[in-house]
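J.: Dropping the structure in here first, questions after.
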Amino acid sequence: MLSSYRKVFQRTVAVARASKRVPSTRLLSSSKSWVPSSEDKLQKVTTQSLIHEVAEQQRELANKVVPWFLKNMPAAYFRNVPEHLRHQHVKAITSLRDMMDSDLSLNVRSKDEDGIKHTYINSQVRSGLLHSQIKNLVVPEGHQLSNVDVFSSMDGGVALNIFSFEPVKVVHSHPTRESSQKVFDLIEEIKAGKHSHESWVPKYSESFSEASVNDFLNRVTSNYVAQTSARRILIQKEMFDQIRNSDGSVVKIEPFVGAGAGSMSWVTIAASNVLPEVLLRLESAIISARGLDIARAHLHSVECPEISTGDIPGQVTILRLLVSPTDESKNLNSNPAFAEVLARDLRRAKWFDNSTTELGLNKHPHLGLDKAEVITALGSMLHGPLYKLDSASFSSIQSILQLVEGNQNIAVAEKIAALFLDRFNPANPLPNDEFKRRSDEIRSKIPTLPSEASKLLIGKMLDAVHATLRTNFYNADRYALSLRVDPMIMMPPGGPTAERPLPFGVFFCHGRHFNAFHNRFRDIARGGLRLVTPQNSDQYAVESTRQYDEVYGLSYAQQLKNKDIPEGGSKGVILINTPAIPDSNNKVFAMRKSVKAFSDALLDLIVKDSVSKLVDFYGKDELIYLGPDEQIIPSDIEWIINRAGQRGYPLPAAFMSSKKDDGFNHKEFGVTSEGVKVYLDVALRTVLKKVPEKETFTVKITGGPDGDVAGNLIRILFRDYGANCKIVGIADGFGVAEDPNGLDHDELLRLFYEGKSIDHFNKSKLSTEGVVLSAAPGNEEGINRRNSFPFRVKSDIFVPAGGRPNTINGENWHKFLDENGKPSSPLIVEGANIFNTPEARKNLFEKGNVIIVKDSSANKCGVITSSCEVMSSMLLSKSEFMAIKPELVEDVLVRLRHLARLEGELLFKEYRNYPGALPHFSERISMAIAKVTDAVTDALANVEPSDPLFQELLPLIRENLPKKLADVAGDRIASRFPVQYQRNAIASALASQLVYQEGIHLVEAQPYEKTAERAFAYYREHKKMQGIIGDLENMNLGAAEKHKGVIVDILKRGGARTSLDIF
């Protein structure tokens, strides 16, 4: 060790004494007292010598670097960067200066009261450097990107890029009038005409009024005003005003004016509600891929609370980039066509999925983003059908895209995308004969592809182009890519069957981090919109394979349950690629953003003004009615309705139900649960022979106390049956609570009213046999008990009121039975849709004698409520609705219970008198009503409202409205309801009346072509019989008076049918 110190000391002393020419060997061997002789002393002297040497070198470097720094860093740097940060930068550059021949970089991290700053200092200015840094940018936890400043020294020797991050929730200081005076001074100059000859200065408009400018300045930070010129502030304010009430984007491209401008351009992007770091990453990727280099960048955020997304504050991000072309063909100042395409892509950037940008910018840049988006959309839409044909080759969307990227495949896929784009280009639509020629040419190449999977994939993609009837691709301001397709493209091999009928229409949307389907079984249809958010990439792949099956199954269940309303069944499912979103806050943001993108892209294809600008192979108007389902929150509902109004959708308040004010919020009023409880009551009395007001019974429930159906069911059961109802177990996504003695009523109601999941149940409220466990990741016991809960816990009744579709299926139904074949619950009332598969229902009934009230019956009251809301939206203004809302709510609840009991009693009567399982009769009731509805709708298709038949049947609509609504606005039906909606309303009302009164067998026996005619005749005879019954009830029959009740009852039960003499 001593020898190593001697070597260092020898070198240091040589440097220090060089001017005296003293031989180092002599110094080291000298016996003078100042020469260190021990290791400790030698180490100390060596350290001091090294410090001196380094300090001298740093001083010498600083003498060179500081003047260079002051001379070469641009003025904007000194204007925008605070002094303490400049000092750090000088020190860092000094450290790099000796090694400037190498491509080195430093990351200087600093923290102050404003947040965290990362400064990347590179020893060379080179093309693509900024994009590379942005691509790998890591946002500190709990922060968001708030500002970007990009600088390079004027001699090209140093690149210095500063990324500023602020806490997600921060209160900004706004500029004072004094600091903003430059803006008002410029406005006065513009008004005076001082800059009229300068094209780069904006013209005066109302946007520059004092009130409007003050409003804008109160949304920005003091730093923004200090760092930005008055001209630039006015330009960016105009851009802000264009998008402040939407989630859109706007782009402005202008030449750079100044020394060394050359072919450089300023590109400014203003985008609403996008994470700043995401916008920066996406826009820089597009610009880099287009052959442009970013020389400078500035990013600022403008507060915009009016477009807030739930609890996420609204903001507009303004990104300004100084770009230069890598070759003259990319010069934005001289190539307007190139600039227009770039602006369009930049405007849409925040809505592009990563799969699109990766394919079109990185892996196959020859495609461009247009063709890449078409390819990724078609591949995503077809995942489910392809998986059914070859599960190994098409296990995920990623596997589909990897297959597309093969050399031969990508060439054909590019031709398919080009065919799609040319067919739907409204500026120059491809003629049909040319479309057929090019399509045939592509199809002729499919047999030459390298694998069967390739042939299958490319063939289906080409089929999908043929199946597309409308697309919003050429809508410049679209939020996602949407397609209206022929439902046949989504059908399994063999096509539709009696068990799996063909839907009426299918919409598909492809956007950033999501894919969505909307499926409906009638022209006028309604149903919920739900979000699916997988926890990991494997689960996402599985959910993607079955996404269309889920939306099909849910909408078909909806079709069966919509038997009592004018609208047929539909459903929307948005599958979000949550595993691709790293931060939990960003996931919430992506969920809300996907709802907006899906809804707006759907409106693109159904709003008349928008459709008129598209190439349309469908050629008919379409009305869609949505409702809230899983993970849709009140702010989503409000946004969707407002957006529908902005877009010109007829009756926008009817586009989405369960509105907070002028609507019936399902959770607030427990409308679905009211119906579930009625079926549970009828089943208890009929199957288990229990009188629930007098006897105890036990229930287990899936779905948390914070959920709509489960939570309200808990409340209603305790309201109506008190202590007689014992809930022995509840399981939800967060945990499980079990107690064979019954979970404490007050504690469950506390969780319901506080909106908390079951894992928050107070354990002190349990009996000695009770247990509460969390199902959080890592808690294996809680997860296992939660997952086995439906099969394991014993109760009189099981109510699945939440949970994933197909939870009990053909693989696991046997777990519901014990070793003796006895079910854990003899009665199931399906509060949740398709919780049990048809195969599971069949086996549970046949092997375990389990009585199941099917979902299409049990939870139908939610859709009836939504339909009442749609009709109210058509008939009442918001103020009129609010004035009678309490009475209207009560009337709706009365109607729900009445319709549920009508079907429940018919259901168990048919089950009691004829062989078959209860779900079988539930479907037959729905199909019988649907048969009459369809027949009557068809018969009225060309019957105008002035026709005597139409006028005769019109009272049916009023009779089926909630009483208060009929009293207040029944006379508005003819003028407010669309004519087709009136036809549907007449048909569904007459069909329900006929089936609930006479049963299913009467309807099933009728030839379809005679059904409408006989339904009309029945309506007339039924009205006549009601008159006779009324007369009888008011008549004194003398000696026969004691038989009056029997006579009236017989006439009510079968008088109309008997008088027709045709049944």
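Chain labels follow the order of the structure tokens: the first chain is A, the next B, and so on; residue numbering restarts at 1 in every chain, and ligands are counted from 1 in their shown order.
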Which of region 587-697 of chain A end up as helix (DSSP H, G or I) when DSSP is run on this backbone - answer as an mmCIF file with N, CA, C and O atoms, in the first residue's frame?
T.:
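Result file follows (selection05.cif):
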```cif
data_model
loop_
_atom_site.group_PDB
_atom_site.id
_atom_site.type_symbol
_atom_site.label_atom_id
_atom_site.label_comp_id
_atom_site.auth_asym_id
_atom_site.auth_seq_id
_atom_site.Cartn_x
_atom_site.Cartn_y
_atom_site.Cartn_z
ATOM 1 N N LYS A 587 -53.680 5.099 -15.194
ATOM 2 C CA LYS A 587 -54.689 4.104 -15.553
ATOM 3 C C LYS A 587 -56.089 4.682 -15.387
ATOM 4 O O LYS A 587 -56.958 4.490 -16.238
ATOM 5 N N VAL A 588 -56.313 5.395 -14.298
ATOM 6 C CA VAL A 588 -57.613 6.034 -14.077
ATOM 7 C C VAL A 588 -57.870 7.042 -15.192
ATOM 8 O O VAL A 588 -58.979 7.119 -15.750
ATOM 9 N N PHE A 589 -56.851 7.800 -15.531
ATOM 10 C CA PHE A 589 -56.976 8.786 -16.602
ATOM 11 C C PHE A 589 -57.314 8.102 -17.921
ATOM 12 O O PHE A 589 -58.180 8.559 -18.681
ATOM 13 N N ALA A 590 -56.632 6.975 -18.205
ATOM 14 C CA ALA A 590 -56.880 6.235 -19.448
ATOM 15 C C ALA A 590 -58.299 5.673 -19.491
ATOM 16 O O ALA A 590 -58.923 5.631 -20.559
ATOM 17 N N MET A 591 -58.835 5.253 -18.361
ATOM 18 C CA MET A 591 -60.203 4.743 -18.315
ATOM 19 C C MET A 591 -61.200 5.822 -18.715
ATOM 20 O O MET A 591 -62.076 5.612 -19.553
ATOM 21 N N ARG A 592 -61.047 6.980 -18.122
ATOM 22 C CA ARG A 592 -61.963 8.080 -18.434
ATOM 23 C C ARG A 592 -61.801 8.535 -19.881
ATOM 24 O O ARG A 592 -62.766 8.849 -20.568
ATOM 25 N N LYS A 593 -60.559 8.562 -20.339
ATOM 26 C CA LYS A 593 -60.293 9.001 -21.708
ATOM 27 C C LYS A 593 -60.854 8.008 -22.727
ATOM 28 O O LYS A 593 -61.354 8.403 -23.782
ATOM 29 N N SER A 594 -60.823 6.721 -22.410
ATOM 30 C CA SER A 594 -61.342 5.719 -23.338
ATOM 31 C C SER A 594 -62.849 5.844 -23.494
ATOM 32 O O SER A 594 -63.387 5.633 -24.583
ATOM 33 N N VAL A 595 -63.542 6.196 -22.401
ATOM 34 C CA VAL A 595 -64.992 6.403 -22.487
ATOM 35 C C VAL A 595 -65.300 7.555 -23.435
ATOM 36 O O VAL A 595 -66.208 7.478 -24.270
ATOM 37 N N LYS A 596 -64.539 8.638 -23.313
ATOM 38 C CA LYS A 596 -64.744 9.791 -24.188
ATOM 39 C C LYS A 596 -64.464 9.428 -25.645
ATOM 40 O O LYS A 596 -65.240 9.769 -26.540
ATOM 41 N N ALA A 597 -63.340 8.742 -25.863
ATOM 42 C CA ALA A 597 -62.957 8.409 -27.239
ATOM 43 C C ALA A 597 -63.986 7.484 -27.885
ATOM 44 O O ALA A 597 -64.385 7.687 -29.042
ATOM 45 N N PHE A 598 -64.423 6.466 -27.146
ATOM 46 C CA PHE A 598 -65.423 5.539 -27.686
ATOM 47 C C PHE A 598 -66.727 6.265 -28.009
ATOM 48 O O PHE A 598 -67.298 6.105 -29.095
ATOM 49 N N SER A 599 -67.219 7.070 -27.058
ATOM 50 C CA SER A 599 -68.507 7.743 -27.247
ATOM 51 C C SER A 599 -68.460 8.693 -28.434
ATOM 52 O O SER A 599 -69.393 8.741 -29.249
ATOM 53 N N ASP A 600 -67.371 9.449 -28.540
ATOM 54 C CA ASP A 600 -67.279 10.419 -29.622
ATOM 55 C C ASP A 600 -67.117 9.724 -30.975
ATOM 56 O O ASP A 600 -67.695 10.161 -31.976
ATOM 57 N N ALA A 601 -66.337 8.654 -30.999
ATOM 58 C CA ALA A 601 -66.159 7.915 -32.252
ATOM 59 C C ALA A 601 -67.461 7.242 -32.678
ATOM 60 O O ALA A 601 -67.742 7.100 -33.875
ATOM 61 N N LEU A 602 -68.270 6.830 -31.713
ATOM 62 C CA LEU A 602 -69.584 6.270 -32.021
ATOM 63 C C LEU A 602 -70.488 7.352 -32.615
ATOM 64 O O LEU A 602 -71.196 7.124 -33.605
ATOM 65 N N LEU A 603 -70.452 8.545 -32.033
ATOM 66 C CA LEU A 603 -71.245 9.659 -32.554
ATOM 67 C C LEU A 603 -70.831 10.012 -33.981
ATOM 68 O O LEU A 603 -71.669 10.411 -34.796
ATOM 69 N N ASP A 604 -69.543 9.860 -34.299
ATOM 70 C CA ASP A 604 -69.084 10.109 -35.667
ATOM 71 C C ASP A 604 -69.887 9.316 -36.687
ATOM 72 O O ASP A 604 -70.086 9.762 -37.824
ATOM 73 N N LYS A 608 -76.106 12.799 -37.993
ATOM 74 C CA LYS A 608 -76.371 13.030 -39.416
ATOM 75 C C LYS A 608 -75.332 13.928 -40.075
ATOM 76 O O LYS A 608 -74.879 13.660 -41.192
ATOM 77 N N ASP A 609 -74.961 15.006 -39.409
ATOM 78 C CA ASP A 609 -73.999 15.939 -39.993
ATOM 79 C C ASP A 609 -72.671 15.251 -40.272
ATOM 80 O O ASP A 609 -72.041 15.487 -41.302
ATOM 81 N N SER A 610 -72.264 14.387 -39.379
ATOM 82 C CA SER A 610 -71.007 13.658 -39.564
ATOM 83 C C SER A 610 -71.146 12.599 -40.643
ATOM 84 O O SER A 610 -70.297 12.477 -41.531
ATOM 85 N N VAL A 611 -72.234 11.820 -40.590
ATOM 86 C CA VAL A 611 -72.433 10.733 -41.553
ATOM 87 C C VAL A 611 -72.526 11.277 -42.975
ATOM 88 O O VAL A 611 -72.062 10.633 -43.931
ATOM 89 N N PRO A 634 -70.356 8.860 -12.695
ATOM 90 C CA PRO A 634 -71.248 9.977 -13.052
ATOM 91 C C PRO A 634 -70.633 11.008 -13.991
ATOM 92 O O PRO A 634 -71.325 11.531 -14.867
ATOM 93 N N SER A 635 -69.335 11.304 -13.825
ATOM 94 C CA SER A 635 -68.721 12.295 -14.718
ATOM 95 C C SER A 635 -68.676 11.789 -16.156
ATOM 96 O O SER A 635 -68.732 12.583 -17.102
ATOM 97 N N ASP A 636 -68.576 10.466 -16.352
ATOM 98 C CA ASP A 636 -68.640 9.898 -17.703
ATOM 99 C C ASP A 636 -70.013 10.174 -18.321
ATOM 100 O O ASP A 636 -70.130 10.581 -19.482
ATOM 101 N N ILE A 637 -71.047 9.923 -17.529
ATOM 102 C CA ILE A 637 -72.419 10.110 -18.012
ATOM 103 C C ILE A 637 -72.636 11.560 -18.427
ATOM 104 O O ILE A 637 -73.169 11.852 -19.509
ATOM 105 N N GLU A 638 -72.211 12.479 -17.568
ATOM 106 C CA GLU A 638 -72.386 13.902 -17.847
ATOM 107 C C GLU A 638 -71.641 14.311 -19.115
ATOM 108 O O GLU A 638 -72.171 15.029 -19.957
ATOM 109 N N TRP A 639 -70.401 13.820 -19.256
ATOM 110 C CA TRP A 639 -69.603 14.182 -20.435
ATOM 111 C C TRP A 639 -70.264 13.652 -21.704
ATOM 112 O O TRP A 639 -70.351 14.371 -22.718
ATOM 113 N N ILE A 640 -70.711 12.407 -21.681
ATOM 114 C CA ILE A 640 -71.300 11.789 -22.868
ATOM 115 C C ILE A 640 -72.535 12.570 -23.328
ATOM 116 O O ILE A 640 -72.711 12.835 -24.521
ATOM 117 N N ILE A 641 -73.386 12.956 -22.384
ATOM 118 C CA ILE A 641 -74.604 13.693 -22.740
ATOM 119 C C ILE A 641 -74.252 15.061 -23.309
ATOM 120 O O ILE A 641 -74.810 15.498 -24.325
ATOM 121 N N ASN A 642 -73.321 15.750 -22.653
ATOM 122 C CA ASN A 642 -72.912 17.074 -23.142
ATOM 123 C C ASN A 642 -72.299 16.976 -24.530
ATOM 124 O O ASN A 642 -72.558 17.802 -25.405
ATOM 125 N N ARG A 643 -71.467 15.968 -24.726
ATOM 126 C CA ARG A 643 -70.823 15.800 -26.021
ATOM 127 C C ARG A 643 -71.846 15.473 -27.111
ATOM 128 O O ARG A 643 -71.746 15.961 -28.242
ATOM 129 N N ALA A 644 -72.837 14.648 -26.783
ATOM 130 C CA ALA A 644 -73.889 14.322 -27.750
ATOM 131 C C ALA A 644 -74.629 15.593 -28.170
ATOM 132 O O ALA A 644 -74.964 15.776 -29.340
ATOM 133 N N GLY A 645 -74.852 16.494 -27.206
ATOM 134 C CA GLY A 645 -75.495 17.760 -27.534
ATOM 135 C C GLY A 645 -74.634 18.625 -28.434
ATOM 136 O O GLY A 645 -75.117 19.220 -29.408
ATOM 137 N N GLN A 646 -73.326 18.696 -28.137
ATOM 138 C CA GLN A 646 -72.404 19.472 -28.968
ATOM 139 C C GLN A 646 -72.339 18.929 -30.391
ATOM 140 O O GLN A 646 -72.228 19.688 -31.353
ATOM 141 N N ARG A 647 -72.437 17.612 -30.517
ATOM 142 C CA ARG A 647 -72.299 16.979 -31.825
ATOM 143 C C ARG A 647 -73.603 16.995 -32.630
ATOM 144 O O ARG A 647 -73.609 16.602 -33.800
ATOM 145 N N PRO A 652 -80.130 14.590 -27.050
ATOM 146 C CA PRO A 652 -78.886 14.129 -26.417
ATOM 147 C C PRO A 652 -79.088 13.586 -25.011
ATOM 148 O O PRO A 652 -78.350 12.701 -24.570
ATOM 149 N N ALA A 653 -80.086 14.093 -24.285
ATOM 150 C CA ALA A 653 -80.330 13.601 -22.930
ATOM 151 C C ALA A 653 -80.733 12.133 -22.933
ATOM 152 O O ALA A 653 -80.610 11.441 -21.912
ATOM 153 N N ALA A 654 -81.226 11.641 -24.083
ATOM 154 C CA ALA A 654 -81.623 10.234 -24.184
ATOM 155 C C ALA A 654 -80.466 9.332 -24.598
ATOM 156 O O ALA A 654 -80.595 8.106 -24.554
ATOM 157 N N HIS A 666 -79.378 4.604 -11.148
ATOM 158 C CA HIS A 666 -79.700 3.230 -10.768
ATOM 159 C C HIS A 666 -79.258 2.911 -9.345
ATOM 160 O O HIS A 666 -79.968 2.246 -8.589
ATOM 161 N N LYS A 667 -78.074 3.380 -8.986
ATOM 162 C CA LYS A 667 -77.565 3.059 -7.646
ATOM 163 C C LYS A 667 -78.320 3.826 -6.571
ATOM 164 O O LYS A 667 -78.634 3.290 -5.508
ATOM 165 N N GLU A 668 -78.628 5.089 -6.853
ATOM 166 C CA GLU A 668 -79.328 5.908 -5.849
ATOM 167 C C GLU A 668 -80.696 5.327 -5.500
ATOM 168 O O GLU A 668 -81.095 5.307 -4.326
ATOM 169 N N PHE A 669 -81.416 4.828 -6.502
ATOM 170 C CA PHE A 669 -82.774 4.357 -6.271
ATOM 171 C C PHE A 669 -82.882 2.826 -6.238
ATOM 172 O O PHE A 669 -83.961 2.297 -5.973
ATOM 173 N N VAL A 671 -82.882 0.477 -8.521
ATOM 174 C CA VAL A 671 -83.955 0.014 -9.400
ATOM 175 C C VAL A 671 -83.775 -1.446 -9.827
ATOM 176 O O VAL A 671 -84.748 -2.199 -9.884
ATOM 177 N N THR A 672 -82.549 -1.839 -10.137
ATOM 178 C CA THR A 672 -82.326 -3.238 -10.540
ATOM 179 C C THR A 672 -82.612 -4.168 -9.375
ATOM 180 O O THR A 672 -83.246 -5.230 -9.522
ATOM 181 N N SER A 673 -82.162 -3.768 -8.198
ATOM 182 C CA SER A 673 -82.318 -4.608 -7.009
ATOM 183 C C SER A 673 -83.777 -4.760 -6.592
ATOM 184 O O SER A 673 -84.159 -5.786 -6.019
ATOM 185 N N GLU A 674 -84.591 -3.736 -6.868
ATOM 186 C CA GLU A 674 -86.021 -3.859 -6.560
ATOM 187 C C GLU A 674 -86.623 -5.043 -7.312
ATOM 188 O O GLU A 674 -87.430 -5.804 -6.771
ATOM 189 N N GLY A 675 -86.232 -5.208 -8.567
ATOM 190 C CA GLY A 675 -86.737 -6.339 -9.345
ATOM 191 C C GLY A 675 -86.173 -7.660 -8.874
ATOM 192 O O GLY A 675 -86.887 -8.671 -8.779
ATOM 193 N N VAL A 676 -84.867 -7.692 -8.567
ATOM 194 C CA VAL A 676 -84.237 -8.929 -8.073
ATOM 195 C C VAL A 676 -84.962 -9.407 -6.819
ATOM 196 O O VAL A 676 -85.241 -10.594 -6.645
ATOM 197 N N LYS A 677 -85.295 -8.460 -5.949
ATOM 198 C CA LYS A 677 -85.969 -8.818 -4.694
ATOM 199 C C LYS A 677 -87.351 -9.429 -4.962
ATOM 200 O O LYS A 677 -87.782 -10.371 -4.280
ATOM 201 N N VAL A 678 -88.082 -8.902 -5.970
ATOM 202 C CA VAL A 678 -89.403 -9.448 -6.279
ATOM 203 C C VAL A 678 -89.288 -10.906 -6.712
ATOM 204 O O VAL A 678 -90.041 -11.779 -6.252
ATOM 205 N N TYR A 679 -88.328 -11.201 -7.604
ATOM 206 C CA TYR A 679 -88.148 -12.591 -8.057
ATOM 207 C C TYR A 679 -87.702 -13.480 -6.910
ATOM 208 O O TYR A 679 -88.129 -14.640 -6.806
ATOM 209 N N LEU A 680 -86.835 -12.951 -6.044
ATOM 210 C CA LEU A 680 -86.407 -13.716 -4.874
ATOM 211 C C LEU A 680 -87.609 -14.031 -3.985
ATOM 212 O O LEU A 680 -87.740 -15.157 -3.479
ATOM 213 N N ASP A 681 -88.494 -13.071 -3.813
ATOM 214 C CA ASP A 681 -89.688 -13.260 -2.983
ATOM 215 C C ASP A 681 -90.594 -14.338 -3.568
ATOM 216 O O ASP A 681 -91.044 -15.246 -2.852
ATOM 217 N N VAL A 682 -90.857 -14.239 -4.879
ATOM 218 C CA VAL A 682 -91.723 -15.240 -5.521
ATOM 219 C C VAL A 682 -91.078 -16.625 -5.430
ATOM 220 O O VAL A 682 -91.764 -17.623 -5.159
ATOM 221 N N ALA A 683 -89.773 -16.701 -5.629
ATOM 222 C CA ALA A 683 -89.077 -17.993 -5.572
ATOM 223 C C ALA A 683 -89.094 -18.578 -4.168
ATOM 224 O O ALA A 683 -89.290 -19.792 -3.992
ATOM 225 N N LEU A 684 -88.894 -17.748 -3.156
ATOM 226 C CA LEU A 684 -88.943 -18.229 -1.771
ATOM 227 C C LEU A 684 -90.292 -18.880 -1.469
ATOM 228 O O LEU A 684 -90.378 -19.973 -0.896
ATOM 229 N N ARG A 685 -91.346 -18.199 -1.866
ATOM 230 C CA ARG A 685 -92.688 -18.686 -1.559
ATOM 231 C C ARG A 685 -93.032 -19.928 -2.387
ATOM 232 O O ARG A 685 -93.680 -20.854 -1.899
ATOM 233 N N THR A 686 -92.585 -19.948 -3.647
ATOM 234 C CA THR A 686 -92.992 -21.021 -4.562
ATOM 235 C C THR A 686 -92.105 -22.260 -4.420
ATOM 236 O O THR A 686 -92.613 -23.390 -4.367
#
```
J.: Please provide the set of residues having any atom within 9 Å of Ile318 (chain A), restricted to only C-alpha atoms, with same-chain residues fewer than 6 positions apart removed, written as a CSV table (one decimal) with C-alpha atoms, in the first residue's frame.
T.:
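The resulting file, selection_26.csv, is shown below:
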```csv
chain,number,residue,atom,x,y,z
A,236,GLN,CA,-51.4,30.3,-27.8
A,239,MET,CA,-55.3,28.0,-29.8
A,240,PHE,CA,-56.5,27.4,-26.2
A,268,THR,CA,-47.1,24.4,-31.8
A,269,ILE,CA,-49.5,21.8,-30.5
A,270,ALA,CA,-52.3,22.5,-28.0
A,271,ALA,CA,-54.0,19.4,-26.7
A,272,SER,CA,-56.7,19.0,-24.0
A,276,PRO,CA,-47.8,16.3,-20.8
A,298,HIS,CA,-41.0,24.4,-24.7
A,299,LEU,CA,-43.9,22.9,-22.8
A,300,HIS,CA,-46.5,24.5,-20.6
A,301,SER,CA,-49.9,23.6,-19.1
A,302,VAL,CA,-53.0,25.8,-18.9
```
J.: Please provide the set of residues having any atom within 9 Å of Lys1044 (chain A), restricted to only C-alpha atoms, with same-chain residues fewer than 6 positions apart removed, written as JSON, numbers by chain.
T.: {"A": [1032, 1033, 1036, 1037]}
J.: Grab the residues selected above and save them as a compact mmCIF listing (two decimals), in the first residue's frame with N, CA and C atoms.
T.:
```txt
# COMPACT_ATOMS: atom_id res chain seq x y z
N LEU A 1032 -120.15 -5.51 -14.86
CA LEU A 1032 -120.51 -6.58 -13.94
C LEU A 1032 -120.23 -6.20 -12.50
N GLU A 1033 -119.09 -5.59 -12.29
CA GLU A 1033 -118.70 -5.24 -10.93
C GLU A 1033 -119.64 -4.20 -10.32
N ASN A 1036 -125.87 -5.42 -9.82
CA ASN A 1036 -126.41 -6.31 -8.79
C ASN A 1036 -127.02 -7.51 -9.48
N LEU A 1037 -126.46 -8.70 -9.23
CA LEU A 1037 -126.91 -9.91 -9.92
C LEU A 1037 -128.02 -10.64 -9.17
```
J.: Would you kindly return, as a compact mmCIF listing (two decimals) with C-alpha atoms, in the first residue's frame, each protein, DNA or RNA residue with an atom no farther than 12 Å from any atom of Ile233 (chain A), considering only C-alpha atoms and excluding same-chain residues fewer than 4 positions away?
T.:
```txt
# COMPACT_ATOMS: atom_id res chain seq x y z
CA SER A 180 -48.54 40.71 -17.84
CA GLN A 181 -48.53 44.31 -19.04
CA LYS A 182 -46.54 43.41 -22.14
CA VAL A 183 -49.52 41.39 -23.37
CA PHE A 184 -51.97 44.26 -22.98
CA LEU A 186 -49.24 44.46 -27.66
CA ILE A 187 -53.02 44.21 -27.88
CA VAL A 201 -48.68 38.93 -35.45
CA PRO A 202 -52.29 37.78 -34.81
CA SER A 207 -60.46 36.61 -27.96
CA PHE A 208 -58.22 39.57 -27.02
CA VAL A 213 -57.22 37.72 -21.69
CA PHE A 216 -56.46 33.09 -19.73
CA LEU A 217 -53.75 34.68 -17.57
CA VAL A 220 -51.24 30.03 -16.52
CA THR A 221 -48.18 30.35 -14.29
CA TYR A 224 -45.04 31.06 -18.42
CA VAL A 225 -45.66 34.80 -18.80
CA ALA A 226 -42.08 35.65 -17.86
CA GLN A 227 -40.59 33.19 -20.35
CA THR A 228 -42.98 33.72 -23.28
CA SER A 229 -43.20 36.71 -25.61
CA LYS A 237 -54.42 31.85 -26.23
CA GLU A 238 -56.23 31.63 -29.58
CA MET A 239 -55.30 27.96 -29.80
CA PHE A 240 -56.49 27.39 -26.24
CA THR A 268 -47.08 24.44 -31.76
CA HIS A 300 -46.51 24.53 -20.57
CA VAL A 302 -52.97 25.76 -18.88
CA ILE A 318 -49.13 23.55 -25.06
CA ARG A 320 -43.84 24.36 -28.93
```
J.: When you count only C-alpha atoms, which of these residues is closest to Leu106 (chain A): A:Leu321, A:Val158, A:Ala55, A:Ile524?
T.: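 Ranking A:Leu321, A:Val158, A:Ala55, A:Ile524 by distance to Leu106 (chain A), first place goes to A:Val158.
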J.: Can you measure CA of Gln997 (chain A) to CA of Lys909 (chain A) for me? One decimal in Å is fine.
T.: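 Value for the CA of Gln997 (chain A)-CA of Lys909 (chain A) distance: 12.0 Å.
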J.: If you count only C-alpha atoms, which residues fall within 7 Å of region 281-288 of chain A, apart from same-chain ones fewer than 4 positions away, as a PyMOL selection string?
T.: chain A and resi 128+131+134-135+277+292-293+346+349-350
J.: Residues within 12 Å of Ser856 (chain A), please, as a PyMOL selection string. Count only C-alpha atoms; anything in the same chain fewer than 2 positions from it doesn't count.
T.: chain A and resi 553-564+569+672+675-676+679+829-835+852-854+858-864+900+903-904+907+918-927
J.: Ranking A:Gly770, A:Ser396, A:Arg290, A:Phe664 by minimum distance to His366 (chain A) and counting only C-alpha atoms, which one comes first?
T.: A:Arg290
J.: List as a PyMOL selection string the protein and nucleic acid residues near Gly314 (chain A), meaning an atom at most 7 Å away when only C-alpha atoms are counted, but skip any in the same chain fewer than 4 places from it.
T.: chain A and resi 273+303-309
J.: Go ahead and compute the interatomic distance for CA of Ile162 (chain A) and CA of Thr119 (chain A), in Å to one decimal.
T.: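 One can read the CA of Ile162 (chain A) to CA of Thr119 (chain A) distance as 4.4 Å.
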J.: If you run DSSP on this backbone, which residues of region 56-131 of chain A come out as strand (DSSP E), and could you give them as a PyMOL selection string?
T.: chain A and resi 105-112+115-122
